[in-house]
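A.B. asks: Got a structure here, written out as structure tokens. Questions coming.
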Amino acid sequence: MAKNIPSFICQNCGAVYGRWQGKCDSCSEWNTIAEEGAATQPRMPGRAPRKGRVFALEPLAGQAHEAPRLPSGLPELDRVTGGGFVRGSVLLMAGDPGIGKSTLLIQAAAALARTGHRAVYVSGEEAVAQVRLRAERLGLTDAAVELAAETAVEDIIATLSEGKTPRLVIIDSIQTMWTDAVESAPGTVTQVRASAQALIRFAKRSGAAAILVGHVTKDGQIAGPRVVEHMVDAVLSFEGDGAHQFRILRAVKNRFGPTDEIGVFEMTGAGLKEVPNPSELFISERDLGSPGTAVFAGIEGTRPLLVEIQALVAPTSLGTPRRAVVGWDQSRLSMVLAVLEAHCGIKLGGHDVYLNVAGGLRIQEPAADLAAAAALVSSLAGASLPREAVYFGEVSLSGAIRPVAQAAARLKEAAKLGFTRAFAPETAHGETGPDAGFAITAIDSLTELVAGIAVAGSRTRGPARIARQDG
Ligand code: TYD
Ligand code: MG
């Protein structure tokens with residue numbers, strides 16, 4: 001008989017501790033550890049251990065069935081999943097509350113239902129009337145989506161097992177679900193895991209594709225989606241911020257497809273609209289040509305994407321100058337600043353530095369180094385960069401600019417949007433340029449970039465304001 005040992009579980013990452021502590025050693029979050037009673041022991045009163053069933057082992061070679069895909073009817077969503085929902089697979093849709101997960105999924109369910117498939121939407125957060133109201137606003141009431149407001153996992157599975165198996169089941173959200181199998185309260189790590197486990201078993205058995213919604217939580221009140229990440233087949237993260245209407249859907253894990261694709265949506269009054277040509281969104285005509293703005297020719301997954309990088313370098317009034325960055329990696333900014341100081345003689349110790357990626361996008365590519373450096377130097381010098389130019393290249397610690405992958409695709413996208421120049425590492429030269437009217441300036445080192453910007457600045461508005469360490 002198992003003893004009732006209380007266990008303390010981190011609600012963020014699921015690490016188990018014997019006693020309470022303020023900080024989780026595993027994920028370094030504070031105040032996320034909560035007591036969950038003896039909940040880790042499943043309730044099986046007086047049952048004898050089951051005798052194992054013998055099953056057949058299979059060879060590695062054999063008939064492999066292509067995962068049968070079901071396109072959702074939303075091409076941007078399909079791009080991220082790798083071509084549609086896979087039968088019997090479970091997908092976790094994680095995101096901040098209010099980002100638009102429910103909106104996207106009711107749209108996906110409706111699109112699927114319109115193609116004649118059975119789609120079921122189970123809401124544990126909203127009443128049926130609320131979901132209907134939203135569907136009405138989105139103009140989806142003609143789609144044959146089946147709705148329920150339920151939170152008991154056993155009831156949901158019993159209902160879904162009746163009649164024709166649904167092709168798509170949406171559980172909104174996994175944190176509101178509870179199962180009889182464990183005793184802890186809904187929203188705890190144990191409940192969330194057990195409920196997810198039961199729903200995953202149902203999906204595998206029935207062949208239905210299931211989507212679990214998981215709210216990203218900032219404090220330890222309810223378990224975060226990370227505690228089920230390892231159980232599901234794919235994890236999609238829905239990102240964006242309240243100030244922008246753009247939403248980015250990103251695959252964090254995908255057993256059946258790529259993990260580097262992004263889907264771009266725009267939140268409008270009539271729901272989420274797909275953005276088939278996102279480069280146009282992330283560049284604002286008004287900012288181009290003002291000091292501190294550079295256009296980065298990036299790649300997200302297989303798709304080239306032009307993004308505007310904005311920098312502001314201003315004398316500081318603080319003892320320790322500020323370094324603030326939105327949409328890019330803080331440590332990469334520090335690195336680029338260090339290289340500028342060490343190899344280009346640019347003194348930034350007395351300046352605050354702000355770097356922002358326009359449109360709420362988050363860039364992870366090192367290829368953005370050159371564009372970030374160009375924006376920083378341009379702001380410091382008060383010299384605008386050429387309006388018609390894009391930048392890409394990775395900065396190494398020696399100050400050299402290293403070549404990056406898929407230069408041709410980047411250049412093609414730039415040409416498509418009307419840009420006529422690129423500042424890029426040498427090898428981009430060798431790649432076939434988009435056409436005759438497109439000029440590629442090879443940049444070998446950061447010093448070369450800085451010199452170019454300083455010269456352009458002095459031509460337009462007198463001596464550039466770049467402070468040299470050694471005069
Ligand atoms: P929702 O899908 O409920 O977010 P989540 O399920 O991730 O918590 O979306 C919430 C926000 O989206 C809400 O603040 C209002 C906004 N919204 C629109 O701007 N337009 C719309 O058509 C809809 C349905 C929602
Ligand atoms: Mg919701």
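Residues are named by chain letter and number: chains run A, B, ... in the order of the structure tokens, numbers start at 1 in each chain, and ligands are numbered from 1 in the order shown.
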Return as a PyMOL selection string the residues of protein, DNA or RNA that approach ligand 1 to within 7 Å, with only C-alpha atoms and all ligand atoms taken into account.

C.D. replies: chain A and resi 95-104+134+137-138+267-272

A.B. asks: Generate a file of the selected residues that holds N, CA, C and O atoms, formatted as a short mmCIF file (atom, residue, chain, number, x, y, z; two decimals), in the first residue's frame.

C.D. replies:
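Result file follows (selection_22.cif):
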data_model
loop_
_atom_site.label_atom_id
_atom_site.label_comp_id
_atom_site.auth_asym_id
_atom_site.auth_seq_id
_atom_site.Cartn_x
_atom_site.Cartn_y
_atom_site.Cartn_z
N GLY A 95 0.37 29.26 -25.81
CA GLY A 95 0.44 30.70 -26.03
C GLY A 95 -0.08 31.46 -24.84
O GLY A 95 -0.76 30.88 -23.98
N ASP A 96 0.23 32.73 -24.79
CA ASP A 96 -0.25 33.58 -23.69
C ASP A 96 -1.78 33.67 -23.75
O ASP A 96 -2.36 33.60 -24.83
N PRO A 97 -2.42 33.86 -22.60
CA PRO A 97 -3.87 34.05 -22.62
C PRO A 97 -4.21 35.28 -23.46
O PRO A 97 -3.52 36.30 -23.39
N GLY A 98 -5.24 35.17 -24.28
CA GLY A 98 -5.71 36.32 -25.06
C GLY A 98 -4.97 36.52 -26.36
O GLY A 98 -5.24 37.48 -27.08
N ILE A 99 -4.06 35.64 -26.71
CA ILE A 99 -3.27 35.84 -27.94
C ILE A 99 -4.09 35.46 -29.17
O ILE A 99 -3.83 35.95 -30.28
N GLY A 100 -5.08 34.59 -29.00
CA GLY A 100 -5.93 34.22 -30.14
C GLY A 100 -5.98 32.73 -30.44
O GLY A 100 -6.35 32.33 -31.53
N LYS A 101 -5.63 31.90 -29.44
CA LYS A 101 -5.62 30.44 -29.66
C LYS A 101 -7.02 29.93 -29.97
O LYS A 101 -7.23 29.18 -30.93
N SER A 102 -7.99 30.33 -29.15
CA SER A 102 -9.36 29.85 -29.36
C SER A 102 -9.89 30.33 -30.71
O SER A 102 -10.57 29.58 -31.41
N THR A 103 -9.56 31.55 -31.06
CA THR A 103 -10.03 32.10 -32.34
C THR A 103 -9.47 31.30 -33.50
O THR A 103 -10.20 30.89 -34.40
N LEU A 104 -8.16 31.05 -33.46
CA LEU A 104 -7.53 30.30 -34.56
C LEU A 104 -8.11 28.89 -34.67
O LEU A 104 -8.40 28.40 -35.76
N ARG A 134 -18.86 34.07 -30.61
CA ARG A 134 -17.61 34.33 -31.32
C ARG A 134 -17.69 33.81 -32.76
O ARG A 134 -17.29 34.49 -33.69
N ARG A 137 -19.53 36.15 -34.87
CA ARG A 137 -18.74 37.31 -35.23
C ARG A 137 -17.72 36.98 -36.33
O ARG A 137 -17.36 37.82 -37.14
N LEU A 138 -17.27 35.73 -36.31
CA LEU A 138 -16.28 35.32 -37.29
C LEU A 138 -16.93 34.83 -38.59
O LEU A 138 -16.24 34.47 -39.53
N MET A 267 -4.47 39.68 -36.57
CA MET A 267 -5.72 39.68 -35.81
C MET A 267 -6.56 40.86 -36.28
O MET A 267 -6.15 42.01 -36.14
N THR A 268 -7.70 40.55 -36.86
CA THR A 268 -8.57 41.62 -37.35
C THR A 268 -9.89 41.55 -36.59
O THR A 268 -10.09 40.66 -35.76
N GLY A 269 -10.79 42.46 -36.88
CA GLY A 269 -12.11 42.44 -36.25
C GLY A 269 -12.87 41.18 -36.60
O GLY A 269 -13.75 40.75 -35.85
N ALA A 270 -12.52 40.56 -37.70
CA ALA A 270 -13.20 39.33 -38.11
C ALA A 270 -12.29 38.13 -37.95
O ALA A 270 -12.22 37.26 -38.81
N GLY A 271 -11.54 38.09 -36.86
CA GLY A 271 -10.71 36.92 -36.57
C GLY A 271 -9.33 37.01 -37.17
O GLY A 271 -8.87 38.08 -37.57
N LEU A 272 -8.65 35.87 -37.19
CA LEU A 272 -7.27 35.84 -37.67
C LEU A 272 -7.25 35.68 -39.18
O LEU A 272 -7.87 34.78 -39.72
#

A.B. asks: Which neighbours of Tyr354 (chain A) fall inside 8 Å, counting only C-alpha atoms, when residues of the same chain fewer than 5 positions from it are skipped, and could you give them as an NGL selection string?

C.D. replies: :A and (311-313 or 322-325)

A.B. asks: Generate the output file for the selected residues, C-alpha atoms, as a compact mmCIF listing (two decimals), in the first residue's frame.

C.D. replies:
# COMPACT_ATOMS: atom_id res chain seq x y z
CA ALA A 311 18.24 50.94 -33.29
CA LEU A 312 18.56 53.96 -31.07
CA VAL A 313 21.95 54.89 -29.66
CA ARG A 322 20.98 50.74 -20.76
CA ARG A 323 20.96 47.88 -23.23
CA ALA A 324 17.39 47.05 -24.19
CA VAL A 325 16.38 44.69 -26.95

A.B. asks: Here is a test: counting only C-alpha atoms, which residue of A:Ala149, A:Met231, A:Ala297, A:Leu380 is nearest to Ala424 (chain A)?

C.D. replies: A:Ala297

A.B. asks: So how many Å separate CA of Asp233 (chain A) and CA of Ala119 (chain A), to one decimal?

C.D. replies: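 Separation between CA of Asp233 (chain A) and CA of Ala119 (chain A): 19.4 Å.
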
A.B. asks: Expressed in Å to a single decimal, how great is the separation between CA of Pro366 (chain A) and CA of Thr316 (chain A)?

C.D. replies: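 A separation of 27.7 Å between them.
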
A.B. asks: Contacts of region 288-296 of chain A at 9 Å or less, counting only C-alpha atoms, minus same-chain residues fewer than 4 places along, as a PyMOL selection string?

C.D. replies: chain A and resi 283-284+305-313+367-368+370-392

A.B. asks: Got time to write the residues from that selection, C-alpha atoms, as a CSV table (one decimal), in the first residue's frame?

C.D. replies:
chain,number,residue,atom,x,y,z
A,283,ILE,CA,8.7,46.9,-43.2
A,284,SER,CA,7.2,50.3,-42.8
A,305,LEU,CA,11.3,37.2,-44.8
A,306,LEU,CA,12.4,40.9,-44.8
A,307,VAL,CA,12.3,42.5,-41.4
A,308,GLU,CA,13.0,46.0,-40.3
A,309,ILE,CA,15.6,46.4,-37.5
A,310,GLN,CA,15.5,49.7,-35.6
A,311,ALA,CA,18.2,50.9,-33.3
A,312,LEU,CA,18.6,54.0,-31.1
A,313,VAL,CA,21.9,54.9,-29.7
A,367,ALA,CA,22.5,36.3,-40.0
A,368,ALA,CA,20.8,39.3,-38.5
A,370,LEU,CA,25.1,42.7,-39.9
A,371,ALA,CA,21.7,44.4,-40.2
A,372,ALA,CA,21.7,45.0,-36.4
A,373,ALA,CA,25.2,46.4,-36.6
A,374,ALA,CA,24.3,48.6,-39.5
A,375,ALA,CA,21.2,50.0,-37.6
A,376,LEU,CA,23.3,50.7,-34.5
A,377,VAL,CA,26.1,52.5,-36.4
A,378,SER,CA,23.6,54.4,-38.5
A,379,SER,CA,21.8,55.6,-35.3
A,380,LEU,CA,25.1,56.6,-33.6
A,381,ALA,CA,26.4,58.4,-36.7
A,382,GLY,CA,23.0,60.0,-37.4
A,383,ALA,CA,23.5,58.8,-41.0
A,384,SER,CA,20.7,57.1,-42.8
A,385,LEU,CA,21.3,53.8,-44.6
A,386,PRO,CA,20.3,53.6,-48.3
A,387,ARG,CA,16.5,53.2,-48.5
A,388,GLU,CA,16.9,50.6,-51.2
A,389,ALA,CA,19.3,48.3,-49.4
A,390,VAL,CA,19.0,45.0,-47.4
A,391,TYR,CA,21.6,43.6,-45.1
A,392,PHE,CA,22.5,40.1,-44.0

A.B. asks: Find the residue from A:Leu60, A:Ala113, A:Val455, A:Ile299 that sits nearest to Lys412 (chain A); use only C-alpha atoms when measuring.

C.D. replies: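 The shortest atom-to-atom distance to Lys412 (chain A) comes from A:Ile299.
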
A.B. asks: Suppose you want the space between CA of Val213 (chain A) and CA of Pro278 (chain A); what is it in Å?

C.D. replies: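 Separation of CA of Val213 (chain A) and CA of Pro278 (chain A): 25.4 Å.
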
A.B. asks: Restricting the calculation to only C-alpha atoms and all ligand atoms, which member of A:Gly214, A:Gly62, A:Pro49, A:Gly18 is positioned closest to ligand 2?

C.D. replies: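 Smallest distance to ligand 2 is found for A:Gly214.
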
A.B. asks: Write out as a PyMOL selection string which residues come within 9 Å of region 69-84 of chain A when counting only C-alpha atoms, dropping same-chain ones fewer than 6 positions away.

C.D. replies: chain A and resi 107-112+114-115+167+209+234+236+249-251+254+256-265+274-276

A.B. asks: Go through A:Gly163, A:Pro304, A:Gly88, A:Gly139 one by one, measure the shortest atom-to-atom distance of each to Glu413 (chain A) using only C-alpha atoms, and give the residue with the smallest value.

C.D. replies: A:Pro304

A.B. asks: From a backbone DSSP assignment, name each residue in region 174-402 of chain A labelled strand (DSSP E), as a PyMOL selection string.

C.D. replies: chain A and resi 209-215+234-239+246-254+262-268+271-274+293-300+303-315+323-326+351-357+389-391+394-395+401-402

A.B. asks: Tell me which protein, DNA and RNA residues are within 6 Å of region 175-178 of chain A, counting only C-alpha atoms, leaving out same-chain ones fewer than 5 positions away, and put them as a PyMOL selection string.

C.D. replies: chain A and resi 124+151-153+186-187+191-192+195

A.B. asks: Deliver the residues from the most recent selection as a file, using N, CA and C atoms, as a PDB file, in the first residue's frame.

C.D. replies:
ATOM      1  N   GLY A 124     -13.500  24.215 -22.168  1.00  0.00           N
ATOM      2  CA  GLY A 124     -13.605  24.108 -20.724  1.00  0.00           C
ATOM      3  C   GLY A 124     -13.588  25.487 -20.084  1.00  0.00           C
ATOM      4  N   THR A 151     -15.605  19.616 -18.972  1.00  0.00           N
ATOM      5  CA  THR A 151     -14.253  19.544 -18.426  1.00  0.00           C
ATOM      6  C   THR A 151     -13.887  18.146 -17.920  1.00  0.00           C
ATOM      7  N   ALA A 152     -14.860  17.249 -17.849  1.00  0.00           N
ATOM      8  CA  ALA A 152     -14.563  15.911 -17.342  1.00  0.00           C
ATOM      9  C   ALA A 152     -14.062  15.025 -18.485  1.00  0.00           C
ATOM     10  N   VAL A 153     -12.806  14.618 -18.395  1.00  0.00           N
ATOM     11  CA  VAL A 153     -12.162  13.897 -19.493  1.00  0.00           C
ATOM     12  C   VAL A 153     -12.875  12.588 -19.816  1.00  0.00           C
ATOM     13  N   PRO A 186      -8.028  20.361 -10.578  1.00  0.00           N
ATOM     14  CA  PRO A 186      -7.773  20.732 -11.968  1.00  0.00           C
ATOM     15  C   PRO A 186      -6.721  21.840 -12.041  1.00  0.00           C
ATOM     16  N   GLY A 187      -5.895  21.800 -13.045  1.00  0.00           N
ATOM     17  CA  GLY A 187      -4.877  22.836 -13.203  1.00  0.00           C
ATOM     18  C   GLY A 187      -3.545  22.470 -12.588  1.00  0.00           C
ATOM     19  N   GLN A 191      -2.968  16.635 -12.585  1.00  0.00           N
ATOM     20  CA  GLN A 191      -4.225  16.586 -13.330  1.00  0.00           C
ATOM     21  C   GLN A 191      -4.004  16.850 -14.812  1.00  0.00           C
ATOM     22  N   VAL A 192      -3.208  17.868 -15.100  1.00  0.00           N
ATOM     23  CA  VAL A 192      -2.981  18.231 -16.493  1.00  0.00           C
ATOM     24  C   VAL A 192      -2.327  17.067 -17.235  1.00  0.00           C
ATOM     25  N   SER A 195      -4.879  14.082 -17.541  1.00  0.00           N
ATOM     26  CA  SER A 195      -5.917  14.388 -18.531  1.00  0.00           C
ATOM     27  C   SER A 195      -5.333  14.305 -19.933  1.00  0.00           C
TER      28      SER A 195
END

A.B. asks: Have a look at A:Cys344, A:Gln406, A:Cys13, A:Ile453 and name the one nearest to His230 (chain A); count only C-alpha atoms.

C.D. replies: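 So, comparing all the options, the nearest one is A:Cys13.
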
A.B. asks: Closest to Leu411 (chain A) among A:Phe238, A:Phe246, A:Phe423, A:Phe55, using only C-alpha atoms?

C.D. replies: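 Counting only C-alpha atoms, the residue closest to Leu411 (chain A) is A:Phe423.
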
A.B. asks: With DSSP run on the backbone, what are the helix (DSSP H, G or I) residues within region 191-285 of chain A? I'd like them as a list in words.

C.D. replies: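 Those residues are Gln191, Val192, Arg193, Ala194, Ser195, Ala196, Gln197, Ala198, Leu199, Ile200, Arg201, Phe202, Ala203, Lys204, Arg205, Ser206, Pro225, Arg226, Val227, Val228, Pro278, Ser279 and Glu280 of chain A.
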
A.B. asks: Suppose we keep N, CA and C atoms; can you now write the selection as an mmCIF file, in the first residue's frame?

C.D. replies:
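Result written to again-v7.cif:
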data_model
loop_
_atom_site.group_PDB
_atom_site.id
_atom_site.type_symbol
_atom_site.label_atom_id
_atom_site.label_comp_id
_atom_site.auth_asym_id
_atom_site.auth_seq_id
_atom_site.Cartn_x
_atom_site.Cartn_y
_atom_site.Cartn_z
ATOM 1 N N GLN A 191 -2.968 16.635 -12.585
ATOM 2 C CA GLN A 191 -4.225 16.586 -13.330
ATOM 3 C C GLN A 191 -4.004 16.850 -14.812
ATOM 4 N N VAL A 192 -3.208 17.868 -15.100
ATOM 5 C CA VAL A 192 -2.981 18.231 -16.493
ATOM 6 C C VAL A 192 -2.327 17.067 -17.235
ATOM 7 N N ARG A 193 -1.346 16.431 -16.569
ATOM 8 C CA ARG A 193 -0.663 15.304 -17.204
ATOM 9 C C ARG A 193 -1.587 14.117 -17.393
ATOM 10 N N ALA A 194 -2.368 13.800 -16.354
ATOM 11 C CA ALA A 194 -3.252 12.632 -16.441
ATOM 12 C C ALA A 194 -4.339 12.864 -17.493
ATOM 13 N N SER A 195 -4.879 14.082 -17.541
ATOM 14 C CA SER A 195 -5.917 14.388 -18.531
ATOM 15 C C SER A 195 -5.333 14.305 -19.933
ATOM 16 N N ALA A 196 -4.136 14.867 -20.106
ATOM 17 C CA ALA A 196 -3.493 14.830 -21.421
ATOM 18 C C ALA A 196 -3.235 13.379 -21.827
ATOM 19 N N GLN A 197 -2.758 12.588 -20.867
ATOM 20 C CA GLN A 197 -2.472 11.180 -21.129
ATOM 21 C C GLN A 197 -3.720 10.457 -21.636
ATOM 22 N N ALA A 198 -4.858 10.691 -20.962
ATOM 23 C CA ALA A 198 -6.102 10.019 -21.343
ATOM 24 C C ALA A 198 -6.533 10.453 -22.743
ATOM 25 N N LEU A 199 -6.397 11.743 -23.032
ATOM 26 C CA LEU A 199 -6.812 12.241 -24.345
ATOM 27 C C LEU A 199 -5.872 11.747 -25.444
ATOM 28 N N ILE A 200 -4.585 11.635 -25.116
ATOM 29 C CA ILE A 200 -3.613 11.122 -26.083
ATOM 30 C C ILE A 200 -3.937 9.659 -26.398
ATOM 31 N N ARG A 201 -4.260 8.886 -25.341
ATOM 32 C CA ARG A 201 -4.625 7.485 -25.547
ATOM 33 C C ARG A 201 -5.844 7.381 -26.458
ATOM 34 N N PHE A 202 -6.818 8.260 -26.218
ATOM 35 C CA PHE A 202 -8.026 8.253 -27.050
ATOM 36 C C PHE A 202 -7.670 8.549 -28.515
ATOM 37 N N ALA A 203 -6.818 9.548 -28.728
ATOM 38 C CA ALA A 203 -6.457 9.926 -30.103
ATOM 39 C C ALA A 203 -5.751 8.783 -30.821
ATOM 40 N N LYS A 204 -4.792 8.153 -30.123
ATOM 41 C CA LYS A 204 -4.034 7.054 -30.744
ATOM 42 C C LYS A 204 -4.957 5.891 -31.081
ATOM 43 N N ARG A 205 -5.903 5.620 -30.168
ATOM 44 C CA ARG A 205 -6.791 4.474 -30.355
ATOM 45 C C ARG A 205 -7.775 4.730 -31.484
ATOM 46 N N SER A 206 -8.318 5.949 -31.525
ATOM 47 C CA SER A 206 -9.415 6.212 -32.453
ATOM 48 C C SER A 206 -8.942 6.739 -33.798
ATOM 49 N N PRO A 225 2.033 24.742 -20.035
ATOM 50 C CA PRO A 225 1.992 23.733 -21.092
ATOM 51 C C PRO A 225 3.266 22.900 -21.182
ATOM 52 N N ARG A 226 4.343 23.399 -20.580
ATOM 53 C CA ARG A 226 5.604 22.651 -20.676
ATOM 54 C C ARG A 226 5.514 21.266 -20.055
ATOM 55 N N VAL A 227 4.598 21.091 -19.098
ATOM 56 C CA VAL A 227 4.537 19.800 -18.422
ATOM 57 C C VAL A 227 3.968 18.680 -19.302
ATOM 58 N N VAL A 228 3.358 19.029 -20.438
ATOM 59 C CA VAL A 228 2.889 17.962 -21.331
ATOM 60 C C VAL A 228 3.651 17.934 -22.649
ATOM 61 N N PRO A 278 4.359 38.053 -45.761
ATOM 62 C CA PRO A 278 4.639 38.776 -44.524
ATOM 63 C C PRO A 278 5.723 39.845 -44.640
ATOM 64 N N SER A 279 6.622 39.722 -45.618
ATOM 65 C CA SER A 279 7.690 40.723 -45.720
ATOM 66 C C SER A 279 7.118 42.136 -45.787
ATOM 67 N N GLU A 280 6.003 42.269 -46.495
ATOM 68 C CA GLU A 280 5.404 43.598 -46.642
ATOM 69 C C GLU A 280 4.969 44.170 -45.295
#
